[in-house]
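Peer 1: To be precise about what I am sending: the file is called data_37.cif and holds mmCIF, C-alpha atoms.
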```cif
data_structure
#
loop_
_atom_site.label_atom_id
_atom_site.label_comp_id
_atom_site.auth_asym_id
_atom_site.auth_seq_id
_atom_site.Cartn_x
_atom_site.Cartn_y
_atom_site.Cartn_z
CA MET A 1 33.36 47.83 53.44
CA LYS A 2 29.74 48.68 54.26
CA ASN A 3 29.93 51.84 52.12
CA LYS A 4 31.28 49.88 49.18
CA TYR A 5 28.40 47.44 49.47
CA LEU A 6 25.84 50.27 49.49
CA LEU A 7 27.53 52.03 46.57
CA THR A 8 27.39 48.85 44.47
CA ILE A 9 23.67 48.45 45.21
CA PHE A 10 23.05 52.08 44.25
CA ILE A 11 25.00 51.78 41.01
CA ILE A 12 23.15 48.59 40.05
CA PHE A 13 19.80 50.20 40.89
CA PHE A 14 20.48 53.36 38.89
CA THR A 15 21.84 51.43 35.92
CA PHE A 16 18.70 49.28 35.97
CA CYS A 17 16.46 52.38 36.06
CA PHE A 18 18.52 54.09 33.36
CA ILE A 19 18.25 51.11 30.99
CA ILE A 20 14.49 50.83 31.48
CA LEU A 21 13.85 54.56 31.01
CA PHE A 22 16.24 54.76 28.05
CA LYS A 23 14.42 51.89 26.38
CA GLY A 24 11.13 53.65 27.10
CA LEU A 25 12.38 56.78 25.33
CA LYS A 26 12.64 54.87 22.09
CA ASN A 27 9.11 53.49 22.28
CA PRO A 28 6.53 55.38 20.22
CA ASN A 29 4.38 57.46 22.55
CA THR A 30 1.19 57.05 20.58
CA TYR A 31 -0.96 54.13 21.58
CA GLN A 32 -1.20 51.38 19.02
CA PRO A 33 -3.93 48.92 19.93
CA GLU A 34 -3.09 45.27 19.77
CA PHE A 35 -4.86 43.74 16.82
CA ASN A 36 -6.52 40.51 17.78
CA GLN A 37 -6.71 38.42 14.64
CA ASN A 38 -9.53 36.25 15.92
CA ARG A 39 -11.75 39.00 17.24
CA VAL A 40 -15.33 38.72 16.13
CA LEU A 41 -17.25 41.94 15.70
CA SER A 42 -20.13 42.28 18.12
CA ASP A 43 -23.41 42.20 16.28
CA PHE A 44 -25.52 45.35 16.54
CA THR A 45 -28.90 46.68 15.55
CA SER A 46 -29.22 50.23 14.30
CA THR A 47 -31.43 52.38 12.09
CA GLU A 48 -30.90 52.44 8.37
CA PHE A 49 -29.86 55.84 7.04
CA PHE A 50 -32.59 56.44 4.44
CA SER A 51 -35.52 54.33 5.65
CA ASP A 52 -35.09 54.66 9.43
CA GLU A 53 -35.77 50.94 9.64
CA LYS A 54 -34.11 48.94 12.44
CA ILE A 55 -31.70 46.44 10.92
CA LYS A 56 -29.36 43.91 12.52
CA LEU A 57 -25.86 43.64 11.06
CA SER A 58 -25.85 39.82 10.97
CA THR A 59 -28.97 39.84 8.77
CA ILE A 60 -27.07 41.60 5.98
CA VAL A 61 -23.74 39.84 6.37
CA THR A 62 -24.75 36.51 4.91
CA ASP A 63 -22.94 35.95 1.60
CA GLU A 64 -19.61 34.30 1.00
CA LYS A 65 -18.15 37.71 0.52
CA TYR A 66 -16.10 40.27 2.33
CA TYR A 67 -17.68 43.26 3.98
CA LEU A 68 -16.03 46.58 4.54
CA ILE A 69 -17.53 48.49 7.45
CA ASN A 70 -16.54 52.13 7.15
CA ILE A 71 -17.25 54.70 9.85
CA TRP A 72 -17.62 58.15 8.33
CA ALA A 73 -19.13 61.60 8.84
CA SER A 74 -19.71 64.60 6.63
CA TRP A 75 -17.76 66.84 9.02
CA CYS A 76 -14.71 64.56 8.92
CA ILE A 77 -12.07 65.93 6.55
CA PRO A 78 -9.95 62.74 6.26
CA CYS A 79 -13.16 60.92 5.19
CA ARG A 80 -13.17 63.03 2.02
CA LYS A 81 -9.61 61.92 1.26
CA GLU A 82 -10.41 58.22 1.59
CA HIS A 83 -13.69 58.47 -0.33
CA LYS A 84 -12.08 57.84 -3.74
CA PHE A 85 -10.74 54.52 -2.43
CA LEU A 86 -14.19 53.52 -1.23
CA ILE A 87 -15.62 54.31 -4.68
CA LYS A 88 -12.93 52.09 -6.23
CA LEU A 89 -13.57 49.30 -3.72
CA GLN A 90 -17.29 49.42 -4.39
CA LYS A 91 -16.56 48.31 -7.96
CA GLN A 92 -14.87 45.14 -6.71
CA GLU A 93 -17.09 42.09 -7.00
CA LYS A 94 -16.11 40.29 -3.83
CA ILE A 95 -16.75 43.08 -1.42
CA LYS A 96 -19.77 44.92 -0.05
CA LEU A 97 -19.50 48.27 1.65
CA ILE A 98 -21.40 49.07 4.82
CA GLY A 99 -21.31 52.65 6.06
CA ILE A 100 -21.76 53.85 9.62
CA ASN A 101 -22.65 57.52 9.73
CA TYR A 102 -21.05 58.78 12.95
CA LYS A 103 -22.59 61.66 14.95
CA ASP A 104 -23.79 63.49 11.90
CA LYS A 105 -26.74 65.57 10.74
CA PHE A 106 -28.90 63.76 8.19
CA LYS A 107 -28.97 66.73 5.81
CA ASN A 108 -25.19 67.19 5.85
CA ALA A 109 -24.55 63.48 5.42
CA LYS A 110 -26.98 63.33 2.49
CA ASN A 111 -25.29 66.31 0.84
CA PHE A 112 -21.93 64.62 1.32
CA LEU A 113 -23.18 61.51 -0.47
CA ASN A 114 -24.71 63.60 -3.26
CA ASP A 115 -21.47 65.53 -3.75
CA PHE A 116 -19.02 62.63 -3.56
CA GLU A 117 -21.21 59.63 -4.63
CA ASN A 118 -22.54 56.93 -2.35
CA PRO A 119 -20.25 53.87 -2.27
CA TYR A 120 -22.21 52.04 0.41
CA GLN A 121 -24.67 49.19 -0.04
CA ILE A 122 -26.27 50.10 3.24
CA ILE A 123 -25.67 52.85 5.76
CA PHE A 124 -26.42 52.71 9.47
CA LYS A 125 -26.96 55.74 11.63
CA ASP A 126 -24.84 56.14 14.74
CA LYS A 127 -26.28 59.30 16.29
CA ASN A 128 -24.57 59.04 19.66
CA GLY A 129 -21.51 56.93 18.86
CA ILE A 130 -22.72 53.82 20.69
CA VAL A 131 -22.50 51.54 17.63
CA SER A 132 -18.90 52.61 16.99
CA ILE A 133 -17.90 51.89 20.59
CA GLU A 134 -19.59 48.47 20.41
CA LEU A 135 -17.51 47.77 17.32
CA GLY A 136 -14.33 48.79 19.13
CA ALA A 137 -13.69 51.93 17.07
CA TYR A 138 -11.81 55.04 18.15
CA GLY A 139 -13.40 57.66 15.92
CA VAL A 140 -13.74 58.63 12.29
CA PRO A 141 -12.67 57.47 9.81
CA GLU A 142 -12.17 53.85 10.73
CA THR A 143 -12.62 50.74 8.63
CA PHE A 144 -13.09 47.05 9.39
CA LEU A 145 -12.75 44.32 6.80
CA ILE A 146 -14.83 41.35 7.95
CA ASN A 147 -16.07 38.06 6.58
CA LYS A 148 -19.57 36.60 6.85
CA ASN A 149 -18.79 35.22 10.32
CA LEU A 150 -18.21 38.81 11.45
CA GLN A 151 -14.57 37.95 12.00
CA ILE A 152 -12.28 40.96 11.64
CA ILE A 153 -9.68 40.39 8.95
CA LYS A 154 -8.25 43.87 8.87
CA LYS A 155 -8.78 47.03 10.85
CA ILE A 156 -7.72 50.44 9.56
CA ILE A 157 -7.62 53.32 12.02
CA GLY A 158 -7.66 56.61 10.12
CA PRO A 159 -8.28 57.11 6.41
CA ILE A 160 -7.66 54.43 3.81
CA ASN A 161 -4.48 55.26 1.89
CA PRO A 162 -2.93 53.69 -1.24
CA LYS A 163 -1.02 51.19 0.92
CA THR A 164 -4.03 49.99 2.94
CA TYR A 165 -6.16 50.02 -0.22
CA ASN A 166 -3.72 47.62 -1.90
CA GLU A 167 -3.69 45.44 1.20
CA ILE A 168 -7.48 45.16 1.07
CA ILE A 169 -7.35 44.28 -2.65
CA GLU A 170 -4.72 41.62 -1.90
CA ILE A 171 -6.93 40.06 0.77
CA ILE A 172 -10.12 39.94 -1.29
CA LYS A 173 -8.47 38.67 -4.45
CA MET B 1 -55.78 58.29 60.59
CA ASN B 2 -53.65 55.26 61.39
CA PHE B 3 -54.19 54.04 57.89
CA PHE B 4 -52.61 57.21 56.45
CA LYS B 5 -49.70 56.85 58.84
CA TYR B 6 -48.96 53.37 57.51
CA ILE B 7 -49.30 54.54 53.94
CA LEU B 8 -46.87 57.39 54.63
CA ILE B 9 -44.35 55.05 56.24
CA ILE B 10 -44.58 52.62 53.34
CA LEU B 11 -44.18 55.44 50.82
CA PHE B 12 -41.20 56.80 52.74
CA PHE B 13 -39.40 53.44 52.66
CA PHE B 14 -40.34 52.87 49.03
CA PHE B 15 -38.91 56.19 47.81
CA SER B 16 -35.86 56.08 50.05
CA SER B 17 -35.02 52.60 48.73
CA ILE B 18 -35.36 53.91 45.17
CA SER B 19 -33.08 56.86 45.89
CA ILE B 20 -30.52 54.65 47.66
CA SER B 21 -30.41 52.19 44.76
CA SER B 22 -30.12 54.97 42.17
CA GLU B 23 -27.29 56.53 44.20
CA LYS B 24 -25.57 53.16 44.28
CA ASN B 25 -25.92 52.92 40.49
CA ILE B 26 -24.49 56.40 40.01
CA ASN B 27 -21.55 55.60 42.28
CA LEU B 28 -20.88 52.40 40.36
CA GLU B 29 -21.17 54.29 37.08
CA LEU B 30 -18.63 56.87 38.23
CA LYS B 31 -16.31 54.15 39.50
CA ILE B 32 -16.38 52.47 36.08
CA PHE B 33 -15.89 55.83 34.27
CA LYS B 34 -12.81 56.48 36.39
CA ASN B 35 -11.30 53.10 35.64
CA LEU B 36 -11.67 53.38 31.85
CA ARG B 37 -8.96 55.11 29.88
CA CYS B 38 -9.94 57.60 27.21
CA LEU B 39 -7.91 56.08 24.41
CA ILE B 40 -7.73 59.18 22.26
CA CYS B 41 -6.86 61.59 25.09
CA GLN B 42 -3.57 61.99 26.89
CA GLY B 43 -3.62 60.49 30.37
CA GLN B 44 -7.32 61.00 31.07
CA SER B 45 -10.04 58.64 32.12
CA ILE B 46 -13.38 58.85 30.33
CA TYR B 47 -14.66 60.48 33.54
CA ASP B 48 -12.25 63.40 33.05
CA SER B 49 -12.70 63.75 29.32
CA GLN B 50 -15.42 65.29 27.22
CA SER B 51 -14.14 64.01 23.89
CA ASP B 52 -16.55 62.31 21.51
CA PHE B 53 -14.97 58.97 22.33
CA ALA B 54 -15.38 59.42 26.10
CA GLU B 55 -18.95 60.68 25.81
CA SER B 56 -19.98 57.69 23.69
CA MET B 57 -18.15 55.34 26.03
CA LYS B 58 -20.12 56.76 28.98
CA LEU B 59 -23.37 56.10 27.11
CA VAL B 60 -22.32 52.51 26.41
CA VAL B 61 -21.42 51.89 30.08
CA ARG B 62 -24.75 53.38 31.20
CA GLN B 63 -26.61 51.22 28.67
CA LYS B 64 -24.81 48.06 29.79
CA LEU B 65 -25.58 48.80 33.45
CA GLU B 66 -29.23 49.27 32.57
CA LEU B 67 -29.14 45.89 30.82
CA GLY B 68 -28.03 44.41 34.14
CA MET B 69 -24.39 43.74 33.31
CA SER B 70 -21.99 43.69 36.24
CA GLU B 71 -18.90 45.89 36.54
CA ASN B 72 -16.58 43.03 35.61
CA GLU B 73 -18.72 42.01 32.64
CA ILE B 74 -18.51 45.57 31.32
CA TYR B 75 -14.73 45.60 31.77
CA SER B 76 -14.29 42.30 29.98
CA PHE B 77 -16.59 43.41 27.13
CA LEU B 78 -14.55 46.59 26.60
CA GLU B 79 -11.31 44.70 27.02
CA ASP B 80 -12.39 42.41 24.18
CA GLN B 81 -13.01 45.44 21.96
CA TYR B 82 -10.05 47.63 22.88
CA GLY B 83 -7.51 45.45 24.68
CA GLU B 84 -6.36 45.61 28.29
CA TRP B 85 -5.00 49.15 27.86
CA ILE B 86 -8.51 50.53 28.27
CA LEU B 87 -8.49 49.53 31.96
CA TYR B 88 -6.62 51.69 34.44
CA ASP B 89 -6.24 48.79 36.87
CA PRO B 90 -3.93 46.39 35.10
CA LYS B 91 -4.68 42.71 35.61
CA PHE B 92 -2.24 40.36 37.32
CA ASN B 93 -0.54 38.42 34.54
CA ASN B 94 2.95 37.59 33.32
CA LYS B 95 3.41 41.09 31.92
CA THR B 96 2.37 42.89 35.09
CA TYR B 97 3.40 40.68 38.00
CA PHE B 98 6.53 42.77 38.63
CA LEU B 99 4.39 45.91 38.78
CA TRP B 100 2.10 44.36 41.41
CA ILE B 101 4.79 42.65 43.47
CA LEU B 102 7.33 45.51 43.52
CA PRO B 103 5.57 47.64 46.21
CA PHE B 104 5.38 44.62 48.53
CA LEU B 105 9.04 43.84 47.95
CA MET B 106 9.98 47.43 48.69
CA PHE B 107 7.82 47.38 51.80
CA LEU B 108 9.53 44.19 52.98
CA PHE B 109 12.93 45.66 52.23
CA GLY B 110 12.06 48.82 54.22
CA ALA B 111 10.74 46.77 57.11
CA LEU B 112 13.93 44.71 57.16
CA LEU B 113 16.03 47.89 57.19
CA ILE B 114 14.05 49.31 60.11
CA LEU B 115 14.23 46.06 62.05
CA ARG B 116 17.96 45.93 61.45
CA LYS B 117 18.36 49.49 62.68
CA LEU B 118 16.38 48.61 65.79
CA GLY B 119 18.76 45.78 66.42
CA VAL B 120 16.22 42.99 66.22
CA PHE B 121 18.64 40.71 64.35
CA LYS B 122 21.45 41.29 66.80
CA LYS B 123 22.10 38.36 69.06
#
```
What is this file in structure tokens?
Peer 2:
Amino acid sequence: MKNKYLLTIFIIFFTFCFIILFKGLKNPNTYQPEFNQNRVLSDFTSTEFFSDEKIKLSTIVTDEKYYLINIWASWCIPCRKEHKFLIKLQKQEKIKLIGINYKDKFKNAKNFLNDFENPYQIIFKDKNGIVSIELGAYGVPETFLINKNLQIIKKIIGPINPKTYNEIIEIIK
Amino acid sequence: MNFFKYILIILFFFFSSISISSEKNINLELKIFKNLRCLICQGQSIYDSQSDFAESMKLVVRQKLELGMSENEIYSFLEDQYGEWILYDPKFNNKTYFLWILPFLMFLFGALLILRKLGVFKK
């Protein structure tokens, strides 16, 4: 009687563990951050790429427009792939592009812009990656679509692709 | 002569207090590094990792400490940016209560088993 009781407990326990682990197997093992719709980007001050002047983000984000903050670097290969989408977005009226040059050498970054065209209205330097961390970014490339209240409307981790490009166009229409 | 003695004693306490406080800061810094997950690495804290992400994160933590932010303020700032996953110590909420309570339940269960074996419940 006692053995039966123990056996039932063991079976229930193992079934419980099996179900949980089996469910876990089906979960994707790459971390997908939760996107908080209401998150407001933390304001930052950094040096401007060409003039070396200290500029605060909130002093540029003032119009009734959308702003696309794109983190890029000349050494980042996926950044080259997404560049054509940035050039196309730059032609849109309702959006301004802000670049954040991540852990890059000035000369290389400048050559990159000369070779592929500069789509950004303004570029900030992020020599040691602090600005990107303050923004909540993981690395390069990464893009935030924000409004004038610095509220994040869309966050794209990795390069912009045709799908995410269309989503941005849909939002800013 | 006495005057120099006093000066030496004062200097000794002054510098030892500086070194103690800086050691405290370093310990706190390391504690925070160990409790922050490197989100682009596999199973490493930012203390263990030398990835770009971890290195920048260390700089941010150091900067925040210099600004006078407390440990919890730094955690909540980073939690706002990256979500709760960035913290190794999960908070007690409706998603994690089972995780926190389970060890206590198992401990109670074990204690009950031992007490039963010892015959405490026998009349």
Peer 1: Using the chain letters and numbering of this document, enumerate as a PyMOL selection string the residues selected by the PyMOL selection byres ((chain B) within 7 of (chain A)).
Peer 2: chain B and resi 53+56-57+59-60+81-83
Peer 1: List, as a ChimeraX atom specification, every residue that the PyMOL selection byres ((chain A and resi 157-171) around 7) selects in the file provided.
Peer 2: /A:78-79,82,85,140-143,155-156,172-173
Peer 1: One decimal, Å: what's the distance from atom CA of A:Leu68 over to atom CA of A:Lys125, could you say?
Peer 2: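 Result for atom CA of A:Leu68 versus atom CA of A:Lys125: 15.9 Å, one decimal.
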Peer 1: Specify as JSON, numbers by chain each residue included when the PyMOL selection byres ((chain B and resi 35-43) around 6) is applied to this file.
Peer 2: {"B": [32, 33, 34, 44, 45, 46, 54, 86, 87, 88]}
Peer 1: Using all atoms listed in the file, which residue out of B:Tyr47, B:Phe104, B:Glu73, B:Ser19 lies closest to B:Lys31?
Peer 2: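 Nearest to B:Lys31: B:Tyr47.
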Peer 1: Just to confirm, what's the straight-line distance from atom CA of A:Phe124 to atom CA of A:Lys105 in Å (one decimal)?
Peer 2: 12.9 Å
Peer 1: For atom CA of A:Val61 and atom CA of A:Lys148, determine how far apart the two atoms are, in Å to one decimal place.
Peer 2: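 Straight-line distance from atom CA of A:Val61 to atom CA of A:Lys148 works out to 5.3 Å.
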